[in-house]
>>> print(open('query-v4.txt').read())   # compact mmCIF, C-alpha atoms and all ligand atoms
# COMPACT_ATOMS: atom_id res chain seq x y z
CA MET H 19 0.00 0.00 0.00
CA ASN H 20 1.38 3.43 -0.82
CA ASN H 21 1.16 6.32 1.64
CA SER H 22 -1.59 8.11 -0.29
CA ASN H 23 -3.86 5.17 0.50
CA ARG H 24 -3.45 5.44 4.25
CA ILE H 25 -6.77 5.92 5.99
CA ASN H 26 -7.07 9.04 8.12
CA THR H 27 -8.76 8.52 11.51
CA THR H 28 -11.38 11.17 10.62
CA LEU H 29 -12.65 8.87 7.87
CA ILE H 30 -14.10 6.48 10.43
CA ALA H 31 -17.70 7.60 10.94
CA PRO H 32 -19.58 7.55 14.30
CA CYS H 33 -21.63 4.57 13.03
CA GLY H 34 -18.49 2.47 12.45
CA ILE H 35 -18.50 2.85 8.68
CA ASN H 36 -15.11 3.40 7.12
CA CYS H 37 -15.82 6.21 4.63
CA ALA H 38 -12.50 5.50 2.85
CA LEU H 39 -14.18 2.37 1.46
CA CYS H 40 -17.29 4.17 0.25
CA MET H 41 -17.67 4.54 -3.49
CA ALA H 42 -18.86 8.13 -2.95
CA TYR H 43 -15.51 8.89 -1.30
CA GLN H 44 -13.41 6.95 -3.80
CA ARG H 45 -14.93 8.32 -7.00
CA GLU H 46 -13.32 11.25 -8.83
CA LYS H 47 -16.45 13.27 -9.62
CA ASN H 48 -18.83 14.62 -6.91
CA LYS H 49 -16.58 13.10 -4.29
CA CYS H 50 -18.00 12.96 -0.75
CA PRO H 51 -15.49 14.19 1.86
CA GLY H 52 -16.64 11.54 4.36
CA CYS H 53 -19.05 11.71 7.30
CA ASN H 54 -16.75 13.86 9.45
CA GLY H 55 -15.83 16.19 6.57
CA SER H 56 -17.65 19.32 5.42
CA ASP H 57 -21.30 18.92 4.43
CA GLU H 58 -20.54 20.32 0.99
CA GLY H 59 -20.77 17.58 -1.61
CA LYS H 60 -22.13 15.08 0.89
CA PRO H 61 -25.33 13.17 0.05
CA LYS H 62 -28.31 14.70 1.90
CA SER H 63 -29.02 11.38 3.64
CA CYS H 64 -25.53 11.51 5.20
CA VAL H 65 -25.93 15.17 6.27
CA ARG H 66 -29.25 14.39 7.97
CA CYS H 67 -28.09 11.03 9.35
CA GLU H 68 -29.64 10.30 12.76
CA ILE H 69 -26.52 8.49 13.90
CA LYS H 70 -24.15 11.35 13.03
CA ASN H 71 -26.53 13.72 14.86
CA CYS H 72 -27.26 11.38 17.78
CA GLU H 73 -27.46 13.24 21.11
CA LYS H 74 -26.26 10.18 23.05
CA ILE H 75 -23.04 10.14 21.06
CA LYS H 76 -22.60 13.89 21.52
CA ALA H 77 -23.08 13.49 25.28
CA SER H 78 -20.64 10.57 25.53
CA SER H 79 -16.88 10.71 25.91
CA SER H 80 -16.40 8.90 22.60
CA ARG H 81 -17.16 10.12 19.10
CA PHE H 82 -18.53 6.69 18.17
CA CYS H 83 -21.96 5.14 18.70
CA THR H 84 -22.20 3.84 22.28
CA LEU H 85 -24.24 0.82 21.03
CA CYS H 86 -26.74 1.62 23.84
CA ASN H 87 -25.86 -1.52 25.81
CA ASP H 88 -26.54 -3.63 22.72
CA LYS H 89 -30.08 -2.21 22.46
CA LEU H 90 -29.48 -0.50 19.16
CA CYS H 91 -31.81 2.25 18.00
CA PRO H 92 -33.81 1.46 14.81
CA ARG H 93 -31.45 3.49 12.58
CA MET H 94 -28.36 1.68 13.85
CA LYS H 95 -30.14 -1.69 13.65
CA THR H 96 -31.10 -1.10 10.02
CA LEU H 97 -27.62 0.07 9.07
CA HIS H 98 -26.05 -2.93 10.79
CA SER H 99 -28.32 -5.40 9.07
CA ARG H 100 -27.98 -3.79 5.60
CA TYR H 101 -24.20 -3.52 5.70
CA SER H 102 -23.66 -7.03 7.12
CA LYS H 103 -25.84 -8.61 4.44
CA LYS H 104 -24.88 -6.53 1.43
CA TYR H 105 -21.32 -5.40 1.94
CA ASP H 106 -19.64 -7.78 4.38
CA VAL H 107 -19.22 -4.89 6.83
CA ASP H 108 -20.24 -5.38 10.46
CA VAL H 109 -20.50 -1.85 11.89
CA VAL H 110 -21.17 -3.08 15.45
CA GLU H 111 -18.05 -5.25 15.33
CA ASN H 112 -16.11 -2.28 13.93
CA ILE H 113 -17.14 -0.13 16.90
CA LYS H 114 -16.35 -2.91 19.37
CA THR H 115 -12.90 -3.29 17.80
CA ILE H 116 -12.32 0.48 17.97
CA LYS H 117 -13.28 0.45 21.65
CA ALA H 118 -11.01 -2.52 22.33
CA VAL H 119 -7.85 -1.66 20.37
CA GLY H 120 -8.24 2.01 19.40
CA VAL H 121 -9.09 3.61 16.08
CA ARG H 122 -5.50 3.53 14.74
CA ASN H 123 -5.16 -0.22 15.21
CA PHE H 124 -8.61 -0.72 13.71
CA ILE H 125 -7.44 1.24 10.66
CA LYS H 126 -4.36 -0.99 10.34
CA GLN H 127 -6.69 -4.01 10.14
CA GLU H 128 -8.88 -2.25 7.60
CA GLU H 129 -5.92 -1.30 5.39
CA LYS H 130 -4.94 -4.98 5.26
CA LYS H 131 -8.46 -6.35 4.78
CA TRP H 132 -9.49 -4.02 1.96
CA LEU H 133 -6.20 -3.92 0.06
CA CYS H 134 -6.49 -4.52 -3.68
CA LYS H 135 -4.14 -7.41 -4.45
CA SER H 136 -3.57 -6.05 -7.96
CA CYS H 137 -2.91 -2.30 -7.61
CA GLY H 138 -2.23 -1.91 -3.88
CA GLY H 139 -5.00 0.64 -3.46
CA LEU H 140 -8.12 0.31 -1.34
CA VAL H 141 -11.14 -1.46 -2.79
CA SER H 142 -14.67 -0.18 -2.14
CA MET H 143 -17.05 -2.04 0.16
CA HIS H 144 -19.83 -1.16 -2.30
CA ARG H 145 -18.35 -2.73 -5.43
CA ASP H 146 -17.18 -6.20 -6.47
CA ASN H 147 -14.31 -4.79 -8.50
CA CYS H 148 -11.57 -2.31 -7.57
CA LEU H 149 -12.56 1.17 -8.76
CA ARG H 150 -8.93 1.98 -9.67
CA CYS H 151 -7.78 -1.07 -11.61
CA GLY H 152 -10.94 -3.13 -12.14
CA ALA H 153 -9.56 -6.29 -10.50
CA LYS H 154 -12.07 -8.58 -8.76
CA LYS H 155 -12.29 -7.87 -5.04
CA GLU H 156 -10.84 -10.62 -2.83
CA LEU H 157 -11.29 -10.23 0.93
S1 LIG H 201 -21.60 8.97 1.36
FE1 LIG H 201 -21.84 8.68 3.59
S2 LIG H 201 -20.73 6.72 3.98
FE2 LIG H 201 -20.07 7.49 1.94
S3 LIG H 201 -18.21 8.70 2.33
FE3 LIG H 201 -19.95 10.09 2.37
S4 LIG H 201 -20.52 10.25 4.56
FE4 LIG H 201 -19.27 8.39 4.31
S1 LIG H 202 -27.42 2.94 19.14
FE1 LIG H 202 -27.63 4.57 20.72
S2 LIG H 202 -25.72 5.78 20.60
FE2 LIG H 202 -25.89 4.54 18.71
S3 LIG H 202 -26.84 5.89 17.23
FE3 LIG H 202 -28.48 4.69 18.19
S4 LIG H 202 -29.20 5.97 19.89
FE4 LIG H 202 -27.21 6.79 19.24
ZN ZN H 203 -6.95 -2.30 -7.73
>>> encode(input="query-v4.txt", output="structure tokens")
Amino acid sequence: MNNSNRINTTLIAPCGINCALCMAYQREKNKCPGCNGSDEGKPKSCVRCEIKNCEKIKASSSRFCTLCNDKLCPRMKTLHSRYSKKYDVDVVENIKTIKAVGVRNFIKQEEKKWLCKSCGGLVSMHRDNCLRCGAKKEL
């Protein structure tokens, strides 16, 4: 992996999604700056996101979802189920890992897991093929 592919800690969203793997972040045109970036260019659904704007997160000492003692709110439940089924991303597990080992170590795991074996860039969780080189994604 080259240095330009390193994932910045701000790219990890409060819901546990790694925005660096999002096709909206990886594409060249109308690029989204990521959940923690400026709202300019961000899809409206991400600006209005109930998780990003969650008062419980704002009141907590962490910038990540607290998981509400495993009693997830409907928005977090839906996100968890959709991403586990469709994209092989378990946002609850991501948050638990961040809590256990810290966001930097979580990122190290992500950089390994989502590495394109052909071009050394990061693949997107939303696509079966690498957006840079077109190679089939292998996790
Ligand atoms: S579209 Fe949403 S998930 Fe994708 S990079 Fe932007 S804020 Fe992150
Ligand atoms: S599970 Fe709890 S902390 Fe997480 S987004 Fe829902 S209400 Fe907020
Ligand atoms: Zn590639």
>>> atom_distance(input="query-v4.txt", atom1="atom FE2 of ligand LIG 202 (chain H)", atom2="atom CA of H:Asp108")
14.1 Å
>>> residues_near_ligand(input="query-v4.txt", ligand="ligand LIG 201 (chain H)", cutoff="9 Å", atoms="all atoms listed in the file", output="PDB file with C-alpha atoms, keeping the file's coordinate frame")
ATOM      1  CA  LEU H  29     -12.650   8.870   7.870  1.00  0.00           C
ATOM      2  CA  ILE H  30     -14.100   6.480  10.430  1.00  0.00           C
ATOM      3  CA  ALA H  31     -17.700   7.600  10.940  1.00  0.00           C
ATOM      4  CA  ILE H  35     -18.500   2.850   8.680  1.00  0.00           C
ATOM      5  CA  ASN H  36     -15.110   3.400   7.120  1.00  0.00           C
ATOM      6  CA  CYS H  37     -15.820   6.210   4.630  1.00  0.00           C
ATOM      7  CA  ALA H  38     -12.500   5.500   2.850  1.00  0.00           C
ATOM      8  CA  LEU H  39     -14.180   2.370   1.460  1.00  0.00           C
ATOM      9  CA  CYS H  40     -17.290   4.170   0.250  1.00  0.00           C
ATOM     10  CA  MET H  41     -17.670   4.540  -3.490  1.00  0.00           C
ATOM     11  CA  ALA H  42     -18.860   8.130  -2.950  1.00  0.00           C
ATOM     12  CA  TYR H  43     -15.510   8.890  -1.300  1.00  0.00           C
ATOM     13  CA  GLN H  44     -13.410   6.950  -3.800  1.00  0.00           C
ATOM     14  CA  LYS H  49     -16.580  13.100  -4.290  1.00  0.00           C
ATOM     15  CA  CYS H  50     -18.000  12.960  -0.750  1.00  0.00           C
ATOM     16  CA  PRO H  51     -15.490  14.190   1.860  1.00  0.00           C
ATOM     17  CA  GLY H  52     -16.640  11.540   4.360  1.00  0.00           C
ATOM     18  CA  CYS H  53     -19.050  11.710   7.300  1.00  0.00           C
ATOM     19  CA  ASN H  54     -16.750  13.860   9.450  1.00  0.00           C
ATOM     20  CA  GLY H  55     -15.830  16.190   6.570  1.00  0.00           C
ATOM     21  CA  ASP H  57     -21.300  18.920   4.430  1.00  0.00           C
ATOM     22  CA  GLY H  59     -20.770  17.580  -1.610  1.00  0.00           C
ATOM     23  CA  LYS H  60     -22.130  15.080   0.890  1.00  0.00           C
ATOM     24  CA  PRO H  61     -25.330  13.170   0.050  1.00  0.00           C
ATOM     25  CA  LYS H  62     -28.310  14.700   1.900  1.00  0.00           C
ATOM     26  CA  SER H  63     -29.020  11.380   3.640  1.00  0.00           C
ATOM     27  CA  CYS H  64     -25.530  11.510   5.200  1.00  0.00           C
ATOM     28  CA  VAL H  65     -25.930  15.170   6.270  1.00  0.00           C
ATOM     29  CA  CYS H  67     -28.090  11.030   9.350  1.00  0.00           C
TER      30      CYS H  67
END
>>> closest_atom_pairs(input="query-v4.txt", of="chain H", to="ligand ZN 203 (chain H)", cutoff="12 Å", atoms="all atoms listed in the file", output="Markdown table")
| residue | atom | partner | partner_atom | distance |
| --- | --- | --- | --- | --- |
| H:Met19 | CA | H:ZN203 | ZN | 10.6 |
| H:Asn23 | CA | H:ZN203 | ZN | 11.5 |
| H:Gln44 | CA | H:ZN203 | ZN | 11.9 |
| H:Trp132 | CA | H:ZN203 | ZN | 10.2 |
| H:Leu133 | CA | H:ZN203 | ZN | 8.0 |
| H:Cys134 | CA | H:ZN203 | ZN | 4.6 |
| H:Lys135 | CA | H:ZN203 | ZN | 6.7 |
| H:Ser136 | CA | H:ZN203 | ZN | 5.1 |
| H:Cys137 | CA | H:ZN203 | ZN | 4.0 |
| H:Gly138 | CA | H:ZN203 | ZN | 6.1 |
| H:Gly139 | CA | H:ZN203 | ZN | 5.5 |
| H:Leu140 | CA | H:ZN203 | ZN | 7.0 |
| H:Val141 | CA | H:ZN203 | ZN | 6.5 |
| H:Ser142 | CA | H:ZN203 | ZN | 9.8 |
| H:Arg145 | CA | H:ZN203 | ZN | 11.6 |
| H:Asp146 | CA | H:ZN203 | ZN | 11.0 |
| H:Asn147 | CA | H:ZN203 | ZN | 7.8 |
| H:Cys148 | CA | H:ZN203 | ZN | 4.6 |
| H:Leu149 | CA | H:ZN203 | ZN | 6.7 |
| H:Arg150 | CA | H:ZN203 | ZN | 5.1 |
| H:Cys151 | CA | H:ZN203 | ZN | 4.2 |
| H:Gly152 | CA | H:ZN203 | ZN | 6.0 |
| H:Ala153 | CA | H:ZN203 | ZN | 5.5 |
| H:Lys154 | CA | H:ZN203 | ZN | 8.2 |
| H:Lys155 | CA | H:ZN203 | ZN | 8.2 |
| H:Glu156 | CA | H:ZN203 | ZN | 10.4 |
>>> atom_distance(input="query-v4.txt", atom1="atom CA of H:Cys86", atom2="atom CA of H:Lys126")
26.3 Å
>>> closest_residue(input="query-v4.txt", among="H:Arg66, H:Lys89, H:Arg100, H:Arg24", to="ligand LIG 202 (chain H)", atoms="only C-alpha atoms and all ligand atoms")
H:Lys89
